[in-house]
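Structure data (compact mmCIF, C-alpha atoms) from run37.txt:
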# COMPACT_ATOMS: atom_id res chain seq x y z
CA MET A 224 -68.04 -13.00 41.81
CA ASN A 225 -65.11 -11.93 39.69
CA ILE A 226 -62.09 -13.40 41.50
CA GLU A 227 -58.71 -14.17 39.97
CA ILE A 228 -57.37 -17.51 41.25
CA LYS A 229 -53.58 -17.61 41.28
CA LYS A 230 -51.37 -20.56 42.28
CA SER A 231 -47.59 -20.24 42.54
CA ILE A 232 -45.56 -23.44 42.29
CA LYS A 233 -42.15 -22.01 43.29
CA PRO A 234 -41.69 -20.27 46.68
CA VAL A 235 -42.50 -16.54 46.58
CA ASN A 236 -40.44 -13.89 48.39
CA TYR A 237 -42.46 -12.52 51.32
CA PHE A 238 -42.12 -8.82 50.48
CA ASP A 239 -42.74 -9.46 46.77
CA ALA A 240 -46.02 -11.10 47.75
CA ILE A 241 -47.04 -8.22 50.04
CA ASN A 242 -46.21 -5.67 47.34
CA ILE A 243 -48.46 -7.55 44.90
CA LEU A 244 -51.29 -7.62 47.47
CA GLU A 245 -51.00 -3.90 48.22
CA SER A 246 -50.87 -3.00 44.53
CA ARG A 247 -53.97 -5.13 43.89
CA LEU A 248 -55.75 -3.52 46.85
CA LYS A 249 -55.20 -0.06 45.37
CA ASP A 250 -56.38 -1.15 41.92
CA LEU A 251 -59.40 -2.97 43.35
CA TYR A 252 -60.38 0.07 45.41
CA GLU A 253 -60.28 2.17 42.24
CA ASN A 254 -62.30 -0.55 40.43
CA ASN A 255 -59.45 -1.16 37.98
CA GLU A 256 -58.78 -4.76 38.94
CA GLN A 257 -60.59 -7.92 40.12
CA GLU A 258 -60.41 -9.61 43.52
CA LEU A 259 -57.67 -12.16 44.16
CA ILE A 260 -57.18 -15.50 45.92
CA TRP A 261 -53.57 -16.70 45.73
CA THR A 262 -52.06 -19.94 47.08
CA LEU A 263 -48.29 -20.22 47.51
CA GLU A 264 -45.36 -21.11 49.76
CA HIS A 265 -42.67 -18.90 51.26
CA ASN A 266 -39.06 -19.75 51.97
CA GLU A 267 -38.19 -19.60 55.67
CA VAL A 268 -39.26 -16.27 57.21
CA PHE A 269 -40.43 -15.01 60.60
CA THR A 270 -42.99 -12.20 60.38
CA ALA A 271 -44.42 -9.96 63.09
CA GLY A 272 -47.86 -8.37 63.02
CA THR A 273 -48.80 -5.01 64.49
CA SER A 274 -49.41 -6.28 68.05
CA TYR A 275 -46.25 -8.35 68.66
CA LYS A 276 -43.95 -7.81 71.66
CA GLU A 277 -40.17 -8.22 71.88
CA ASN A 278 -40.43 -10.90 74.59
CA GLU A 279 -42.19 -13.18 72.09
CA ILE A 280 -38.84 -13.66 70.31
CA ILE A 281 -37.11 -16.52 72.14
CA ASP A 282 -34.10 -16.91 69.82
CA LYS A 283 -32.73 -13.38 69.51
CA SER A 284 -30.52 -14.37 66.55
CA ILE A 285 -33.43 -14.76 64.12
CA LYS A 286 -34.41 -11.98 61.76
CA ILE A 287 -37.95 -10.69 62.21
CA LEU A 288 -39.77 -8.94 59.37
CA GLU A 289 -42.30 -6.44 60.66
CA THR A 290 -45.54 -6.30 58.66
CA ASN A 291 -48.76 -4.30 58.70
CA ARG A 292 -51.06 -7.30 59.16
CA GLY A 293 -52.88 -7.94 62.41
CA GLY A 294 -51.56 -10.44 64.93
CA LYS A 295 -48.20 -11.30 66.40
CA ILE A 296 -45.15 -13.35 65.35
CA THR A 297 -45.42 -16.38 63.11
CA TYR A 298 -43.18 -18.56 60.97
CA HIS A 299 -43.58 -19.32 57.26
CA GLY A 300 -41.59 -21.93 55.40
CA PRO A 301 -41.61 -24.90 53.03
CA GLY A 302 -44.42 -27.37 53.69
CA GLN A 303 -46.88 -24.66 54.71
CA LEU A 304 -49.73 -23.64 52.42
CA ILE A 305 -50.30 -19.88 52.34
CA CYS A 306 -53.60 -18.50 51.09
CA TYR A 307 -53.43 -14.76 50.41
CA PHE A 308 -56.35 -12.72 49.19
CA VAL A 309 -57.53 -9.26 48.26
CA LEU A 310 -61.30 -9.27 48.75
CA ASP A 311 -63.84 -6.46 48.62
CA LEU A 312 -65.99 -6.10 51.76
CA ARG A 313 -67.49 -2.73 50.79
CA LYS A 314 -70.96 -4.18 50.20
CA LYS A 315 -71.05 -6.40 53.30
CA LYS A 316 -68.93 -4.36 55.75
CA ASP A 317 -68.78 -7.24 58.24
CA ILE A 318 -65.26 -8.19 59.32
CA ARG A 319 -66.42 -10.71 61.93
CA LYS A 320 -68.47 -12.59 59.35
CA PHE A 321 -65.49 -12.57 56.98
CA ILE A 322 -63.19 -14.11 59.62
CA THR A 323 -65.89 -16.70 60.35
CA THR A 324 -65.94 -17.51 56.62
CA ILE A 325 -62.18 -18.12 56.69
CA GLU A 326 -62.47 -20.32 59.78
CA LYS A 327 -65.33 -22.31 58.22
CA THR A 328 -63.35 -22.76 54.98
CA ILE A 329 -60.28 -24.19 56.76
CA ILE A 330 -62.35 -26.47 59.04
CA GLN A 331 -64.43 -27.74 56.10
CA THR A 332 -61.31 -28.42 54.00
CA LEU A 333 -59.54 -30.35 56.77
CA LYS A 334 -62.73 -32.33 57.46
CA PHE A 335 -62.47 -33.60 53.87
CA TYR A 336 -59.20 -35.20 55.03
CA LYS A 337 -60.94 -36.71 58.12
CA ILE A 338 -59.30 -34.19 60.46
CA GLU A 339 -61.61 -32.46 62.95
CA THR A 340 -60.55 -28.93 63.91
CA PHE A 341 -62.16 -25.93 65.57
CA PRO A 342 -61.87 -22.13 66.05
CA ASP A 343 -61.28 -20.45 69.42
CA LYS A 344 -62.94 -17.11 70.16
CA ASP A 345 -60.05 -16.16 72.49
CA ASN A 346 -57.17 -17.26 70.25
CA ILE A 347 -57.51 -16.60 66.53
CA GLY A 348 -56.60 -19.49 64.26
CA ILE A 349 -57.73 -23.07 63.77
CA TRP A 350 -56.94 -25.69 66.38
CA TYR A 351 -56.65 -29.47 66.75
CA LYS A 352 -57.14 -31.36 70.02
CA TYR A 353 -55.61 -34.75 70.84
CA ASN A 354 -55.25 -36.32 74.29
CA ASN A 355 -56.42 -33.04 75.91
CA GLU A 356 -53.57 -31.19 74.17
CA VAL A 357 -54.62 -28.29 71.92
CA LYS A 358 -52.32 -27.32 69.04
CA LYS A 359 -52.62 -24.77 66.25
CA ILE A 360 -52.91 -26.13 62.71
CA ALA A 361 -53.69 -22.87 60.86
CA ALA A 362 -52.84 -19.21 61.51
CA ILE A 363 -54.97 -16.28 60.37
CA GLY A 364 -53.67 -12.71 59.96
CA ILE A 365 -55.66 -10.14 58.03
CA ARG A 366 -55.73 -6.41 57.50
CA VAL A 367 -58.68 -4.36 56.26
CA SER A 368 -58.11 -1.08 54.43
CA LYS A 369 -61.01 0.95 53.05
CA TRP A 370 -63.18 -2.15 53.51
CA ILE A 371 -60.88 -4.29 51.39
CA ALA A 372 -59.44 -7.32 53.22
CA TYR A 373 -55.96 -8.63 52.45
CA HIS A 374 -53.08 -10.75 53.78
CA GLY A 375 -54.49 -14.20 54.59
CA PHE A 376 -53.98 -17.47 56.41
CA ALA A 377 -51.56 -20.40 56.52
CA ILE A 378 -52.12 -24.14 56.99
CA ASN A 379 -49.29 -26.31 58.30
CA ILE A 380 -48.99 -29.41 56.09
CA ASN A 381 -45.51 -30.89 56.60
CA ASN A 382 -43.43 -27.88 57.67
CA ASP A 383 -40.57 -27.93 60.20
CA LEU A 384 -42.22 -27.54 63.62
CA GLU A 385 -38.86 -27.03 65.36
CA LYS A 386 -38.79 -23.46 63.99
CA TYR A 387 -41.69 -22.49 66.26
CA LYS A 388 -39.45 -23.04 69.30
CA LYS A 389 -37.59 -19.85 68.36
CA ILE A 390 -40.70 -17.71 68.99
CA ILE A 391 -43.93 -17.65 70.99
CA PRO A 392 -46.17 -18.38 67.99
CA CYS A 393 -48.96 -15.80 67.70
CA GLY A 394 -48.17 -14.77 71.29
CA ILE A 395 -49.77 -17.94 72.72
CA SER A 396 -47.43 -19.72 75.12
CA ASP A 397 -49.75 -22.36 76.62
CA LYS A 398 -50.64 -24.16 73.38
CA GLY A 399 -48.53 -25.92 70.78
CA VAL A 400 -48.27 -26.01 67.00
CA THR A 401 -48.74 -29.07 64.79
CA ASN A 402 -49.06 -29.98 61.12
CA LEU A 403 -51.28 -32.26 59.07
CA LYS A 404 -48.62 -34.93 58.45
CA ASN A 405 -48.16 -35.28 62.22
CA ILE A 406 -51.90 -35.75 62.68
CA LEU A 407 -52.54 -38.07 59.74
CA ASP A 408 -49.92 -39.06 57.18
CA GLN A 409 -51.73 -38.98 53.84
CA ASP A 410 -51.63 -37.27 50.44
CA TYR A 411 -52.41 -33.54 50.76
CA SER A 412 -51.42 -32.58 47.20
CA ASN A 413 -54.99 -31.51 46.30
CA LEU A 414 -55.52 -29.46 49.47
CA SER A 415 -55.04 -26.05 47.87
CA GLY A 416 -57.61 -26.79 45.15
CA ILE A 417 -60.22 -28.00 47.64
CA LEU A 418 -59.50 -25.04 49.91
CA VAL A 419 -59.99 -22.45 47.15
CA LYS A 420 -63.21 -24.13 45.98
CA ASN A 421 -64.61 -24.08 49.53
CA PHE A 422 -63.47 -20.48 50.08
CA ILE A 423 -65.23 -19.20 46.96
CA SER A 424 -68.37 -21.14 47.84
CA ASN A 425 -68.43 -19.74 51.40
CA LEU A 426 -67.80 -16.18 50.23
CA LYS A 427 -71.04 -16.34 48.22
CA ILE A 428 -73.13 -17.00 51.34
Translate the structure described by the file into structure tokens.
Amino acid sequence: MNIEIKKSIKPVNYFDAINILESRLKDLYENNEQELIWTLEHNEVFTAGTSYKENEIIDKSIKILETNRGGKITYHGPGQLICYFVLDLRKKKDIRKFITTIEKTIIQTLKFYKIETFPDKDNIGIWYKYNNEVKKIAAIGIRVSKWIAYHGFAININNDLEKYKKIIPCGISDKGVTNLKNILDQDYSNLSGILVKNFISNLKI
């Protein structure tokens, strides 16, 4: 596999990131560029996928950026690890398997930190259950164009959970949102490295 691994230390502007992904997608489709896995953070931004509805915005004063990814409204901000990618599915042509690979990668990575999480076939993302309360720990939003997958997923590490009260996160009103520091306060500084290693390993299967 010929994948460029990119890690940004400073926060990246949301639209700058999307422009880079879309440019890479075009080049990859024309076989002029390699695949990409990119870990980063965004400054505070609310983004809406192609299936969001107006009533999912609780605080009407916030600015919503509409995007072409799948899914509904979510929040990005400091303390959240974003993993973007541009990956070629032309040989496999199996979107369901690809999403399962992402789910497996996140679950496996969090298990390294002694945190047990799970997917939900009815609600995309990765979830954590405590005292019969189910909360989202990671959001997934992808788009596939010409059998090339891009956009990505986000894991909440120590981000501001109050921001989620301004929206109905991912359109799911009966479940909450949490972060890793809330679950278990420990050092997560190596999480992105472990995540990328697991992701590459799982993509080979």
- Skipping near chain neighbours, those fewer than 6 positions away, what residues fall within 9 Å of Leu263 of chain A using all atoms listed in the file, listed as a list in words?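 The filter keeps Lys229, Lys230, Ser231, Ile232, Lys233, Pro234, Val235, Gln303, Leu304, Ile305, Cys306, Tyr307 and Ser415 of chain A.
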Okay, now the selection with C-alpha atoms, as a PDB file, in the frame of the given file?
ATOM      1  CA  LYS A 229     -53.580 -17.610  41.280  1.00  0.00           C
ATOM      2  CA  LYS A 230     -51.370 -20.560  42.280  1.00  0.00           C
ATOM      3  CA  SER A 231     -47.590 -20.240  42.540  1.00  0.00           C
ATOM      4  CA  ILE A 232     -45.560 -23.440  42.290  1.00  0.00           C
ATOM      5  CA  LYS A 233     -42.150 -22.010  43.290  1.00  0.00           C
ATOM      6  CA  PRO A 234     -41.690 -20.270  46.680  1.00  0.00           C
ATOM      7  CA  VAL A 235     -42.500 -16.540  46.580  1.00  0.00           C
ATOM      8  CA  GLN A 303     -46.880 -24.660  54.710  1.00  0.00           C
ATOM      9  CA  LEU A 304     -49.730 -23.640  52.420  1.00  0.00           C
ATOM     10  CA  ILE A 305     -50.300 -19.880  52.340  1.00  0.00           C
ATOM     11  CA  CYS A 306     -53.600 -18.500  51.090  1.00  0.00           C
ATOM     12  CA  TYR A 307     -53.430 -14.760  50.410  1.00  0.00           C
ATOM     13  CA  SER A 415     -55.040 -26.050  47.870  1.00  0.00           C
TER      14      SER A 415
END
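Atom to atom, atom CA of Leu288 of chain A and atom CA of His265 of chain A stand 13.2 Å apart.
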- Query: Expressed in Å to a single decimal, how great is the separation between atom CA of Asn225 of chain A and atom CA of Lys315 of chain A?
  - Reply: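 Between these atoms lies a distance of 15.8 Å.
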Neighbour list for segment 341-355 of chain A as a PDB file with C-alpha atoms, in the coordinates of the input, cut-off 10 Å, all atoms listed in the file, skip fewer than 3 positions in-chain:
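Saved result, selection-v5.pdb, follows:
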ATOM      1  CA  GLY A 294     -51.560 -10.440  64.930  1.00  0.00           C
ATOM      2  CA  ILE A 322     -63.190 -14.110  59.620  1.00  0.00           C
ATOM      3  CA  THR A 323     -65.890 -16.700  60.350  1.00  0.00           C
ATOM      4  CA  ILE A 325     -62.180 -18.120  56.690  1.00  0.00           C
ATOM      5  CA  GLU A 326     -62.470 -20.320  59.780  1.00  0.00           C
ATOM      6  CA  LYS A 327     -65.330 -22.310  58.220  1.00  0.00           C
ATOM      7  CA  ILE A 329     -60.280 -24.190  56.760  1.00  0.00           C
ATOM      8  CA  ILE A 330     -62.350 -26.470  59.040  1.00  0.00           C
ATOM      9  CA  GLN A 331     -64.430 -27.740  56.100  1.00  0.00           C
ATOM     10  CA  ILE A 338     -59.300 -34.190  60.460  1.00  0.00           C
ATOM     11  CA  LYS A 358     -52.320 -27.320  69.040  1.00  0.00           C
ATOM     12  CA  LYS A 359     -52.620 -24.770  66.250  1.00  0.00           C
ATOM     13  CA  ILE A 360     -52.910 -26.130  62.710  1.00  0.00           C
ATOM     14  CA  ALA A 361     -53.690 -22.870  60.860  1.00  0.00           C
ATOM     15  CA  ALA A 362     -52.840 -19.210  61.510  1.00  0.00           C
ATOM     16  CA  ILE A 363     -54.970 -16.280  60.370  1.00  0.00           C
ATOM     17  CA  GLY A 364     -53.670 -12.710  59.960  1.00  0.00           C
ATOM     18  CA  PHE A 376     -53.980 -17.470  56.410  1.00  0.00           C
ATOM     19  CA  ALA A 377     -51.560 -20.400  56.520  1.00  0.00           C
ATOM     20  CA  ILE A 378     -52.120 -24.140  56.990  1.00  0.00           C
ATOM     21  CA  CYS A 393     -48.960 -15.800  67.700  1.00  0.00           C
ATOM     22  CA  GLY A 394     -48.170 -14.770  71.290  1.00  0.00           C
ATOM     23  CA  ILE A 395     -49.770 -17.940  72.720  1.00  0.00           C
ATOM     24  CA  LYS A 398     -50.640 -24.160  73.380  1.00  0.00           C
ATOM     25  CA  GLY A 399     -48.530 -25.920  70.780  1.00  0.00           C
ATOM     26  CA  VAL A 400     -48.270 -26.010  67.000  1.00  0.00           C
ATOM     27  CA  THR A 401     -48.740 -29.070  64.790  1.00  0.00           C
ATOM     28  CA  ASN A 402     -49.060 -29.980  61.120  1.00  0.00           C
ATOM     29  CA  LEU A 403     -51.280 -32.260  59.070  1.00  0.00           C
ATOM     30  CA  ILE A 406     -51.900 -35.750  62.680  1.00  0.00           C
TER      31      ILE A 406
END
- Provide the atom CA of Lys420 of chain A to atom CA of Ile228 of chain A distance in Å, to one decimal place.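 Here the two named atoms are 10.0 Å from each other.
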